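Data from model08.csv: CSV, C-alpha atoms
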chain,number,residue,atom,x,y,z
X,1391,MET,CA,54.3,92.5,97.1
X,1392,THR,CA,55.2,94.5,94.0
X,1393,THR,CA,58.8,95.4,93.1
X,1394,ALA,CA,58.3,99.0,94.0
X,1395,THR,CA,56.9,98.1,97.4
X,1396,THR,CA,59.8,95.7,98.0
X,1397,LEU,CA,62.3,98.4,97.3
X,1398,VAL,CA,60.6,100.8,99.7
X,1399,VAL,CA,60.6,98.2,102.4
X,1400,LEU,CA,64.3,97.4,101.8
X,1401,PHE,CA,65.2,101.1,102.0
X,1402,CYS,CA,63.2,101.4,105.2
X,1403,ILE,CA,65.2,98.5,106.7
X,1404,ALA,CA,68.5,99.9,105.5
X,1405,THR,CA,67.7,103.3,107.0
X,1406,ALA,CA,66.7,101.8,110.3
X,1407,ILE,CA,70.0,99.9,110.3
X,1408,ALA,CA,72.0,103.0,109.5
X,1409,ILE,CA,70.4,104.8,112.4
X,1410,ALA,CA,71.0,101.8,114.8
X,1411,VAL,CA,74.7,101.3,113.9
X,1412,ARG,CA,75.5,104.9,114.7
X,1413,HIS,CA,75.4,103.8,118.4
X,1414,VAL,CA,77.4,100.6,118.1
X,1415,HIS,CA,80.8,99.7,116.7
X,1416,VAL,CA,79.5,97.5,113.9
X,1417,PRO,CA,80.2,98.2,110.2
X,1418,TYR,CA,77.0,99.3,108.5
X,1419,THR,CA,77.4,96.8,105.6
X,1420,VAL,CA,77.9,93.9,108.0
X,1421,ALA,CA,74.7,94.8,109.8
X,1422,LEU,CA,72.9,94.9,106.4
X,1423,VAL,CA,74.1,91.4,105.6
X,1424,VAL,CA,72.9,90.1,108.9
X,1425,ALA,CA,69.5,91.7,108.2
X,1426,GLY,CA,69.5,90.2,104.8
X,1427,LEU,CA,70.1,86.7,106.4
X,1428,ALA,CA,67.1,87.3,108.6
X,1429,ILE,CA,65.0,88.4,105.5
X,1430,GLY,CA,66.1,85.3,103.6
X,1431,SER,CA,65.3,83.0,106.5
X,1432,THR,CA,62.0,84.4,107.5
X,1433,HIS,CA,60.7,85.4,104.0
X,1434,VAL,CA,59.0,88.5,105.4
X,1435,VAL,CA,60.1,90.3,102.3
X,1436,THR,CA,60.6,88.6,98.9
X,1437,ALA,CA,63.8,90.3,97.8
X,1438,PRO,CA,64.6,90.3,94.1
X,1439,PRO,CA,67.4,87.9,93.0
X,1440,LEU,CA,70.9,89.3,92.8
X,1441,THR,CA,71.6,88.7,89.1
X,1442,LYS,CA,74.6,89.6,86.9
X,1443,ASP,CA,72.3,91.9,84.8
X,1444,LEU,CA,71.1,93.7,88.0
X,1445,LEU,CA,74.7,94.1,89.3
X,1446,PHE,CA,76.2,95.3,86.0
X,1447,THR,CA,73.3,97.5,85.0
X,1448,ILE,CA,72.4,99.2,88.2
X,1449,PHE,CA,74.9,98.7,91.0
X,1450,LEU,CA,78.4,98.2,89.8
X,1451,PRO,CA,78.8,101.3,87.6
X,1452,GLY,CA,77.5,103.7,90.3
X,1453,LEU,CA,79.6,102.1,93.1
X,1454,LEU,CA,82.8,102.1,91.0
X,1455,PHE,CA,82.4,105.6,89.7
X,1456,GLU,CA,81.7,107.0,93.2
X,1457,ALA,CA,84.8,105.4,94.7
X,1458,ALA,CA,87.0,106.5,91.7
X,1459,PHE,CA,85.5,110.0,91.7
X,1460,HIS,CA,86.4,110.5,95.4
X,1461,ILE,CA,89.8,108.9,95.4
X,1462,GLU,CA,92.7,111.3,96.2
X,1463,SER,CA,94.6,111.5,93.0
X,1464,ALA,CA,97.8,112.8,94.6
X,1465,VAL,CA,97.9,109.9,97.1
X,1466,PHE,CA,97.0,107.5,94.3
X,1467,ARG,CA,100.0,108.6,92.2
X,1468,LYS,CA,102.2,108.0,95.2
X,1469,MET,CA,100.8,104.5,95.8
X,1470,TRP,CA,100.2,103.4,92.2
X,1471,VAL,CA,103.1,100.9,92.0
X,1472,ALA,CA,101.8,98.9,95.1
X,1473,ILE,CA,98.2,99.2,93.8
X,1474,ALA,CA,99.0,97.9,90.4
X,1475,ALA,CA,101.2,95.1,91.8
X,1476,LEU,CA,98.3,93.9,94.0
X,1477,ALA,CA,95.7,94.2,91.3
X,1478,ILE,CA,97.4,92.5,88.4
X,1479,PRO,CA,100.2,90.1,89.2
X,1480,GLY,CA,98.7,89.8,92.7
X,1481,VAL,CA,95.4,88.6,91.3
X,1482,VAL,CA,97.2,86.0,89.1
X,1483,VAL,CA,99.3,84.7,92.0
X,1484,GLY,CA,96.3,84.7,94.3
X,1485,ILE,CA,94.3,82.6,91.8
X,1486,GLY,CA,97.1,80.1,91.5
X,1487,ILE,CA,97.8,79.8,95.3
X,1488,THR,CA,94.0,79.6,96.2
X,1489,SER,CA,93.3,76.9,93.6
X,1490,VAL,CA,96.3,74.8,94.7
X,1491,LEU,CA,95.5,75.0,98.4
X,1492,VAL,CA,91.8,74.2,97.8
X,1493,MET,CA,92.7,71.2,95.7
X,1494,ALA,CA,95.3,69.9,98.1
X,1495,ALA,CA,93.1,70.2,101.2
X,1496,LEU,CA,89.9,68.8,99.7
X,1497,HIS,CA,91.8,65.8,98.2
X,1498,SER,CA,94.2,65.1,101.1
X,1499,LEU,CA,91.5,65.4,103.8
X,1500,SER,CA,89.1,63.3,101.6
X,1501,ILE,CA,86.4,66.0,101.9
X,1502,VAL,CA,85.7,66.1,98.1
X,1503,PRO,CA,88.1,63.8,96.4
X,1504,SER,CA,86.4,64.4,93.0
X,1505,PHE,CA,86.9,68.2,93.1
X,1506,SER,CA,88.5,69.1,89.8
X,1507,TRP,CA,91.2,71.6,88.7
X,1508,ASN,CA,88.6,73.3,86.5
X,1509,SER,CA,86.4,74.0,89.5
X,1510,ALA,CA,89.3,75.0,91.7
X,1511,LEU,CA,90.5,77.6,89.1
X,1512,VAL,CA,87.0,79.0,88.6
X,1513,PHE,CA,86.4,79.3,92.3
X,1514,ALA,CA,89.8,81.0,92.8
X,1515,ALA,CA,89.1,83.5,90.0
X,1516,ILE,CA,85.6,84.3,91.4
X,1517,VAL,CA,87.0,85.2,94.8
X,1518,ALA,CA,90.0,87.0,93.5
X,1519,ALA,CA,88.4,90.5,93.7
X,1520,THR,CA,88.4,92.2,97.1
X,1521,ASP,CA,85.4,94.3,98.2
X,1522,PRO,CA,86.5,96.5,101.1
X,1523,VAL,CA,83.3,98.6,101.4
X,1524,ALA,CA,82.6,97.2,104.8
X,1525,VAL,CA,86.0,98.4,106.2
X,1526,THR,CA,86.8,101.6,104.3
X,1527,ALA,CA,84.0,103.4,106.2
X,1528,LEU,CA,85.7,102.4,109.4
X,1529,PHE,CA,89.0,103.8,108.0
X,1530,ARG,CA,87.4,107.2,107.6
X,1531,GLN,CA,85.5,107.0,110.9
X,1532,LEU,CA,88.7,106.1,112.8
X,1533,SER,CA,91.0,108.5,110.8
X,1534,ALA,CA,93.2,105.8,109.5
X,1535,PRO,CA,96.1,107.0,107.2
X,1536,ALA,CA,94.9,108.4,103.9
X,1537,GLU,CA,97.5,106.4,102.0
X,1538,LEU,CA,96.2,103.2,103.5
X,1539,LEU,CA,92.6,104.0,102.5
X,1540,VAL,CA,93.7,104.8,98.9
X,1541,LEU,CA,95.7,101.6,98.8
X,1542,VAL,CA,92.8,99.5,99.8
X,1543,GLU,CA,90.3,101.3,97.6
X,1544,GLY,CA,92.6,101.6,94.6
X,1545,GLU,CA,93.4,97.9,94.7
X,1546,SER,CA,89.7,97.0,94.9
X,1547,LEU,CA,88.8,99.3,92.0
X,1548,LEU,CA,91.4,97.8,89.7
X,1549,ASN,CA,91.2,94.1,90.7
X,1550,ASP,CA,87.4,94.2,90.1
X,1551,GLY,CA,88.2,94.6,86.5
X,1552,THR,CA,91.2,92.3,86.3
X,1553,SER,CA,89.5,89.5,88.1
X,1554,ILE,CA,86.5,89.6,85.8
X,1555,VAL,CA,88.9,89.4,82.8
X,1556,PHE,CA,90.9,86.5,84.3
X,1557,LEU,CA,87.7,84.7,85.1
X,1558,SER,CA,86.4,85.0,81.5
X,1559,LEU,CA,89.8,83.7,80.2
X,1560,ILE,CA,89.7,80.8,82.7
X,1561,LEU,CA,86.1,79.9,81.7
X,1562,SER,CA,87.1,79.8,78.0
X,1563,LEU,CA,89.9,77.5,79.0
X,1564,VAL,CA,87.7,75.3,81.1
X,1565,ILE,CA,85.0,74.8,78.4
X,1566,GLY,CA,87.7,73.5,76.1
X,1567,GLY,CA,88.3,76.4,73.7
X,1568,PRO,CA,91.7,76.9,71.9
X,1569,TRP,CA,94.2,78.8,74.0
X,1570,SER,CA,97.9,79.7,74.4
X,1571,ALA,CA,99.8,81.7,76.9
X,1572,THR,CA,100.4,84.4,74.2
X,1573,GLY,CA,96.8,84.4,73.3
X,1574,LEU,CA,95.6,84.7,76.9
X,1575,THR,CA,98.0,87.6,77.5
X,1576,ALA,CA,96.9,89.4,74.3
X,1577,SER,CA,93.3,88.9,75.3
X,1578,PHE,CA,93.9,90.4,78.7
X,1579,VAL,CA,95.8,93.4,77.4
X,1580,LEU,CA,93.1,94.0,74.8
X,1581,VAL,CA,90.2,93.8,77.2
X,1582,ALA,CA,91.8,95.7,80.0
X,1583,GLY,CA,93.6,98.2,77.8
X,1584,GLY,CA,90.5,98.8,75.7
X,1585,GLY,CA,88.5,99.5,78.9
X,1586,ALA,CA,91.0,102.0,80.1
X,1587,ALA,CA,91.0,103.7,76.6
X,1588,VAL,CA,87.2,104.0,76.7
X,1589,GLY,CA,87.3,105.4,80.2
X,1590,LEU,CA,89.9,108.0,79.3
X,1591,ALA,CA,88.0,109.1,76.2
X,1592,VAL,CA,84.6,109.4,78.0
X,1593,GLY,CA,86.2,111.1,81.0
X,1594,TYR,CA,88.1,113.6,78.7
X,1595,VAL,CA,84.9,114.5,76.8
X,1596,ALA,CA,82.9,114.9,80.0
X,1597,THR,CA,85.4,117.2,81.6
X,1598,HIS,CA,85.4,119.5,78.5
X,1599,VAL,CA,81.6,119.5,78.6
X,1600,ILE,CA,81.6,120.4,82.3
X,1601,ARG,CA,84.1,123.2,81.7
X,1602,ARG,CA,81.8,124.9,79.3
X,1603,ILE,CA,78.7,125.0,81.5
X,1604,ASP,CA,78.0,126.3,84.9
X,1605,ASP,CA,74.9,124.5,86.1
X,1606,ALA,CA,75.1,122.1,89.0
X,1607,MET,CA,72.2,119.9,87.9
X,1608,ILE,CA,73.5,119.5,84.4
X,1609,GLU,CA,77.1,118.8,85.5
X,1610,ILE,CA,75.9,116.2,88.0
X,1611,ALA,CA,73.8,114.7,85.2
X,1612,VAL,CA,77.0,114.5,83.0
X,1613,THR,CA,78.8,112.6,85.8
X,1614,MET,CA,75.9,110.1,85.9
X,1615,ILE,CA,76.1,109.7,82.1
X,1616,VAL,CA,79.8,109.1,82.4
X,1617,ALA,CA,79.4,106.5,85.2
X,1618,TYR,CA,76.8,104.3,83.4
X,1619,GLY,CA,77.7,105.3,79.8
X,1620,SER,CA,81.3,104.4,80.0
X,1621,PHE,CA,80.4,101.0,81.4
X,1622,ALA,CA,77.7,100.3,78.8
X,1623,LEU,CA,79.9,101.5,75.9
X,1624,ALA,CA,82.9,99.4,77.0
X,1625,GLU,CA,80.7,96.3,77.4
X,1626,ASP,CA,79.2,96.9,73.9
X,1627,LEU,CA,82.8,97.0,72.5
X,1628,HIS,CA,83.6,93.8,74.4
X,1629,VAL,CA,86.2,95.4,76.6
X,1630,SER,CA,86.2,95.8,80.4
X,1631,GLY,CA,83.3,98.0,81.5
X,1632,VAL,CA,84.7,97.9,85.1
X,1633,ILE,CA,88.0,99.4,84.1
X,1634,ALA,CA,86.3,101.9,81.8
X,1635,THR,CA,84.2,103.3,84.6
X,1636,VAL,CA,87.0,103.4,87.1
X,1637,VAL,CA,89.3,105.3,84.7
X,1638,ALA,CA,86.4,107.6,83.7
X,1639,GLY,CA,85.7,108.3,87.4
X,1640,MET,CA,89.3,109.1,88.2
X,1641,VAL,CA,89.5,111.5,85.3
X,1642,CYS,CA,86.3,113.2,86.3
X,1643,GLY,CA,87.4,113.3,90.0
X,1644,ARG,CA,90.8,114.8,89.0
X,1645,TYR,CA,90.1,117.1,86.1
X,1646,GLY,CA,86.3,117.5,86.5
X,1647,HIS,CA,86.9,118.9,89.9
X,1648,ALA,CA,89.0,121.7,88.5
X,1649,ALA,CA,86.4,122.4,85.9
X,1650,MET,CA,83.5,122.7,88.4
X,1651,SER,CA,82.8,125.6,90.7
X,1652,GLU,CA,83.3,124.8,94.4
X,1653,ARG,CA,79.5,124.9,95.0
X,1654,THR,CA,78.9,122.4,92.1
X,1655,HIS,CA,81.7,120.1,93.3
X,1656,ARG,CA,80.2,119.9,96.8
X,1657,ALA,CA,76.8,119.1,95.3
X,1658,ALA,CA,78.3,116.4,93.1
X,1659,GLU,CA,80.2,114.9,96.1
X,1660,PHE,CA,77.0,114.8,98.2
X,1661,PHE,CA,75.0,113.3,95.3
X,1662,TRP,CA,77.5,110.5,94.7
X,1663,GLU,CA,77.8,109.8,98.4
X,1664,TYR,CA,74.1,109.3,98.6
X,1665,VAL,CA,74.1,107.1,95.5
X,1666,ALA,CA,76.8,104.9,97.0
X,1667,PHE,CA,74.8,104.7,100.3
X,1668,ALA,CA,71.6,103.7,98.5
X,1669,LEU,CA,73.3,101.1,96.2
X,1670,ASN,CA,75.3,99.6,99.0
X,1671,SER,CA,72.2,99.4,101.2
X,1672,VAL,CA,70.3,97.4,98.8
X,1673,ILE,CA,73.1,95.2,97.5
X,1674,PHE,CA,74.3,94.0,101.0
X,1675,LEU,CA,70.7,93.3,102.0
X,1676,LEU,CA,70.4,91.2,98.8
X,1677,ILE,CA,73.7,89.4,99.6
X,1678,GLY,CA,72.2,88.3,102.9
X,1679,SER,CA,68.9,87.3,101.4
X,1680,GLU,CA,70.6,85.1,98.8
X,1681,VAL,CA,72.3,82.9,101.4
X,1682,SER,CA,70.9,79.5,102.3
X,1683,ILE,CA,71.9,78.7,105.9
X,1684,ALA,CA,71.1,75.1,105.4
X,1685,ALA,CA,73.3,74.7,102.4
X,1686,LEU,CA,76.2,76.4,104.2
X,1687,LEU,CA,75.9,74.2,107.2
X,1688,ASP,CA,75.8,71.1,105.0
X,1689,SER,CA,79.1,72.2,103.3
X,1690,TRP,CA,80.9,73.7,106.4
X,1691,ARG,CA,84.1,71.7,105.8
X,1692,GLU,CA,84.4,72.8,102.1
X,1693,ILE,CA,83.7,76.4,103.1
X,1694,GLY,CA,86.2,76.2,105.9
X,1695,VAL,CA,88.9,74.9,103.5
X,1696,ALA,CA,88.0,77.6,101.0
X,1697,TYR,CA,88.1,80.4,103.6
X,1698,VAL,CA,91.5,79.4,105.0
X,1699,ALA,CA,92.9,79.0,101.4
X,1700,VAL,CA,91.7,82.5,100.4
X,1701,LEU,CA,93.2,84.0,103.6
X,1702,LEU,CA,96.5,82.2,103.2
X,1703,ALA,CA,96.7,83.2,99.5
X,1704,ARG,CA,96.0,86.8,100.5
X,1705,ALA,CA,98.8,86.7,103.1
X,1706,ALA,CA,101.2,85.2,100.6
X,1707,ILE,CA,100.5,88.0,98.1
X,1708,VAL,CA,100.9,90.8,100.5
X,1709,PHE,CA,103.9,89.6,102.5
X,1710,GLY,CA,105.5,87.9,99.5
X,1711,GLY,CA,105.2,91.2,97.7
X,1712,ARG,CA,107.0,93.0,100.5
X,1713,ALA,CA,109.8,90.4,100.5
X,1714,LEU,CA,110.2,90.6,96.7
X,1715,TRP,CA,110.4,94.4,97.0
X,1716,HIS,CA,113.3,94.1,99.4
X,1717,LEU,CA,115.1,91.7,97.1
X,1718,VAL,CA,114.6,93.7,93.9
X,1719,ARG,CA,115.1,97.2,95.4
X,1720,PRO,CA,117.0,96.6,98.7
X,1721,HIS,CA,118.1,100.3,99.1
X,1722,HIS,CA,114.6,101.7,98.6
X,1723,ALA,CA,111.9,102.2,101.2
X,1724,THR,CA,109.1,99.6,101.1
X,1725,PRO,CA,105.9,100.9,99.6
X,1726,PHE,CA,104.0,100.6,102.9
X,1727,PRO,CA,104.7,99.7,106.5
X,1728,LEU,CA,104.5,96.2,108.0
X,1729,SER,CA,101.4,97.1,110.0
X,1730,TRP,CA,99.6,98.0,106.8
X,1731,SER,CA,100.4,94.6,105.4
X,1732,VAL,CA,98.4,93.0,108.3
X,1733,VAL,CA,95.5,95.4,107.5
X,1734,LEU,CA,95.7,94.5,103.8
X,1735,VAL,CA,95.5,90.8,104.5
X,1736,TRP,CA,92.6,91.1,107.0
X,1737,GLY,CA,90.9,93.7,105.0
X,1738,GLY,CA,90.7,91.6,101.9
X,1739,LEU,CA,86.9,91.0,102.2
X,1740,ARG,CA,84.8,89.5,99.4
X,1741,GLY,CA,81.4,90.8,98.5
X,1742,ALA,CA,78.7,91.3,95.9
X,1743,LEU,CA,80.9,90.8,92.8
X,1744,SER,CA,82.1,87.4,93.9
X,1745,MET,CA,78.5,86.4,94.7
X,1746,VAL,CA,77.1,87.4,91.3
X,1747,LEU,CA,80.0,85.9,89.4
X,1748,ALA,CA,79.3,82.6,91.1
X,1749,LEU,CA,75.6,82.7,90.6
X,1750,SER,CA,76.0,83.5,86.9
X,1751,LEU,CA,78.1,80.4,86.2
X,1752,GLY,CA,76.7,78.2,83.5
X,1753,VAL,CA,75.7,74.6,83.9
X,1754,ALA,CA,78.8,73.6,81.8
X,1755,LEU,CA,80.8,73.6,85.1
X,1756,THR,CA,80.0,70.2,86.6
X,1757,GLN,CA,80.5,71.2,90.2
X,1758,ARG,CA,78.8,74.6,89.9
X,1759,SER,CA,76.6,74.2,93.0
X,1760,LEU,CA,79.6,73.5,95.2
X,1761,VAL,CA,81.5,76.4,93.8
X,1762,VAL,CA,78.5,78.7,94.5
X,1763,THR,CA,78.2,77.4,98.0
X,1764,MET,CA,81.9,77.8,98.8
X,1765,THR,CA,81.9,81.3,97.3
X,1766,THR,CA,78.8,82.3,99.4
X,1767,GLY,CA,80.4,80.9,102.5
X,1768,VAL,CA,83.7,82.8,101.9
X,1769,VAL,CA,81.9,86.1,101.3
X,1770,LEU,CA,79.8,85.6,104.5
X,1771,LEU,CA,82.8,84.7,106.6
X,1772,THR,CA,85.0,87.6,105.4
X,1773,LEU,CA,82.2,90.1,106.0
X,1774,LEU,CA,81.2,88.8,109.4
X,1775,VAL,CA,84.6,87.7,110.8
X,1776,GLN,CA,87.0,90.2,109.3
X,1777,GLY,CA,84.5,93.1,109.0
X,1778,LEU,CA,83.6,92.9,112.7
X,1779,THR,CA,87.2,92.7,113.9
X,1780,MET,CA,88.7,95.4,111.7
X,1781,ALA,CA,88.2,98.3,114.1
X,1782,PRO,CA,90.0,96.5,117.0
X,1783,LEU,CA,92.8,95.5,114.7
X,1784,LEU,CA,93.3,99.1,113.5
X,1785,ARG,CA,93.3,100.3,117.1
X,1786,GLY,CA,95.7,97.6,118.2
X,1787,LEU,CA,98.2,98.5,115.4
X,1788,GLY,CA,98.0,102.2,116.3
X,1789,LEU,CA,96.5,103.2,113.0
X,1790,THR,CA,93.7,105.3,114.3
X,1791,ARG,CA,93.5,108.9,115.7
X,1792,THR,CA,90.3,108.4,117.6
X,1793,SER,CA,89.4,106.3,120.6

Mind converting the file's structure to structure tokens?
Amino acid sequence: MTTATTLVVLFCIATAIAIAVRHVHVPYTVALVVAGLAIGSTHVVTAPPLTKDLLFTIFLPGLLFEAAFHIESAVFRKMWVAIAALAIPGVVVGIGITSVLVMAALHSLSIVPSFSWNSALVFAAIVAATDPVAVTALFRQLSAPAELLVLVEGESLLNDGTSIVFLSLILSLVIGGPWSATGLTASFVLVAGGGAAVGLAVGYVATHVIRRIDDAMIEIAVTMIVAYGSFALAEDLHVSGVIATVVAGMVCGRYGHAAMSERTHRAAEFFWEYVAFALNSVIFLLIGSEVSIAALLDSWREIGVAYVAVLLARAAIVFGGRALWHLVRPHHATPFPLSWSVVLVWGGLRGALSMVLALSLGVALTQRSLVVTMTTGVVLLTLLVQGLTMAPLLRGLGLTRTS
């Protein structure tokens, strides 16, 4: 089967699933993963491998730009402190807690006594980024609070970039390169700040171009150039392409909207909604097809330990952040209600980015295969367990406006 035929078949499967899940309370992306598992097990379709080049060239820029383009800027400004706290210090703390818990459990329970600190840190950095695509659609469908939706999406957009930067720094540490706390901090600021600067510059130029033309097709083409061009330019400059695309998308969503006519803006929104649908359809099918059920069953104890560690680390970040806020600013309102904290913990799903980062690990990491298996298991469990139970959780906490 040719690549073109394979893509047509995958789109047919995705469309059939999209139609089917309209009548059941199952997140679309979760259903896609289950279908991908069936494809991988039966080999009825030979899906292309989910590689880093494929993710970074085709999928990630479009998905990041679409989410940033549609994010409500007024709500984002209101929630930016909580978003930044979760996406930067929260990622650092999460990596530390996850690695410690995994090491302690695997050693004390004699599951993998030889599991090293290097492998634990790499695994923790790989699963640091959240991927809430499977639950944000439910937020919209069930009319969850707009601030909660922006908080979940905003954190994901930023921690995609920060987790990649931290993983690259940890890998440089693991392979034995020279390092210092000052050097690592400077590298993070350079890569993250450089990505933000590229995104601002590209987004600024694009909005001025859009303001001077009144042609829907050309203006949408400009947004496409911004999405993929900002990512490519930032990566060529060795700064964060993820952060560049996110910032460029937010600039275009905020200022490009004002520069567009209402008709053009509606067309751009519909275009990017379809792009996100198409990219998510393929990527979640590919996630499922990458999974080896036999390998997961063989390592069920390691995966169980990893999943519990990731969930506990997430809870420590969210609830610990709330407690710290009360200590530092006791007379100020907390940035979000307690019920939102529960949703943030349970909604911290992992997805395609974690899978691809694990698969792209070099052979220099001695326990690479185990790290890949643990990552795959965590991604699958978060999608299936947490993704399927998010709707009842939202209803139980009274965060919906529909039955």

Contact residues around X:Glu1609 with all atoms listed in the file at 12 Å, ignoring same-chain residues under 6 positions, as a list in words: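 In the requested format, the answer is Ala1596, Thr1597, His1598, Val1599, Ile1600, Arg1601, Arg1602, Ile1603, Ile1615, Val1616, Cys1642, Gly1646, His1647, Ala1649, Met1650, Ser1651, Arg1653, Thr1654, His1655, Arg1656, Ala1657, Ala1658, Glu1659 and Phe1661 of chain X.
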
Write the residues you've just listed into a file as a compact mmCIF listing (two decimals), in the frame of the given file, and include C-alpha atoms for each of them.
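out-v2.txt written:
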# COMPACT_ATOMS: atom_id res chain seq x y z
CA ALA X 1596 82.90 114.90 80.00
CA THR X 1597 85.40 117.20 81.60
CA HIS X 1598 85.40 119.50 78.50
CA VAL X 1599 81.60 119.50 78.60
CA ILE X 1600 81.60 120.40 82.30
CA ARG X 1601 84.10 123.20 81.70
CA ARG X 1602 81.80 124.90 79.30
CA ILE X 1603 78.70 125.00 81.50
CA ILE X 1615 76.10 109.70 82.10
CA VAL X 1616 79.80 109.10 82.40
CA CYS X 1642 86.30 113.20 86.30
CA GLY X 1646 86.30 117.50 86.50
CA HIS X 1647 86.90 118.90 89.90
CA ALA X 1649 86.40 122.40 85.90
CA MET X 1650 83.50 122.70 88.40
CA SER X 1651 82.80 125.60 90.70
CA ARG X 1653 79.50 124.90 95.00
CA THR X 1654 78.90 122.40 92.10
CA HIS X 1655 81.70 120.10 93.30
CA ARG X 1656 80.20 119.90 96.80
CA ALA X 1657 76.80 119.10 95.30
CA ALA X 1658 78.30 116.40 93.10
CA GLU X 1659 80.20 114.90 96.10
CA PHE X 1661 75.00 113.30 95.30

10 Å contact set for X:Val1512, all atoms listed in the file, chain neighbours under 2 positions out, as number ranges by chain: X: 1485, 1489, 1507-1510, 1514-1518, 1556-1558, 1560-1561, 1564, 1747-1748, 1751, 1755, 1758, 1761

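Going from atom CA of X:Tyr1618 over to atom CA of X:Leu1559, you cover 24.6 Å.
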
Option closest in space to X:Pro1439, from X:Leu1783, X:Leu1734, X:Val1632, X:Thr1393 [counting only C-alpha atoms]: X:Thr1393

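Every protein, DNA or RNA residue with an atom at most 8 Å from X:Leu1454, where only C-alpha atoms count and chain neighbours fewer than 5 positions away do not, is listed here: X:Leu1547, X:Val1632, X:Thr1635, X:Val1636, X:Gly1639.
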
12 Å contact set for X:Arg1467, all atoms listed in the file, chain neighbours under 2 positions out, as a list in words: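 Listed by chain and then number, they are Ile1461, Glu1462, Ser1463, Ala1464, Val1465, Met1469, Trp1470, Val1471, Ala1472, Ile1473, Ala1474, Glu1537, Val1540, Leu1541, Gly1544, Met1640 and Arg1644 of chain X.
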
Take the residues that were just selected and, keeping C-alpha atoms, output them as an mmCIF file, in the frame of the given file.
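The resulting file, result.cif, is reproduced below:
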data_model
loop_
_atom_site.group_PDB
_atom_site.id
_atom_site.type_symbol
_atom_site.label_atom_id
_atom_site.label_comp_id
_atom_site.auth_asym_id
_atom_site.auth_seq_id
_atom_site.Cartn_x
_atom_site.Cartn_y
_atom_site.Cartn_z
ATOM 1 C CA ILE X 1461 89.800 108.900 95.400
ATOM 2 C CA GLU X 1462 92.700 111.300 96.200
ATOM 3 C CA SER X 1463 94.600 111.500 93.000
ATOM 4 C CA ALA X 1464 97.800 112.800 94.600
ATOM 5 C CA VAL X 1465 97.900 109.900 97.100
ATOM 6 C CA MET X 1469 100.800 104.500 95.800
ATOM 7 C CA TRP X 1470 100.200 103.400 92.200
ATOM 8 C CA VAL X 1471 103.100 100.900 92.000
ATOM 9 C CA ALA X 1472 101.800 98.900 95.100
ATOM 10 C CA ILE X 1473 98.200 99.200 93.800
ATOM 11 C CA ALA X 1474 99.000 97.900 90.400
ATOM 12 C CA GLU X 1537 97.500 106.400 102.000
ATOM 13 C CA VAL X 1540 93.700 104.800 98.900
ATOM 14 C CA LEU X 1541 95.700 101.600 98.800
ATOM 15 C CA GLY X 1544 92.600 101.600 94.600
ATOM 16 C CA MET X 1640 89.300 109.100 88.200
ATOM 17 C CA ARG X 1644 90.800 114.800 89.000
#

Pick from X:Phe1455, X:Pro1417, X:Ile1693, X:His1433 nearest to X:Glu1663, counting all atoms listed in the file: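 Closest to X:Glu1663, using all atoms listed in the file: X:Phe1455.
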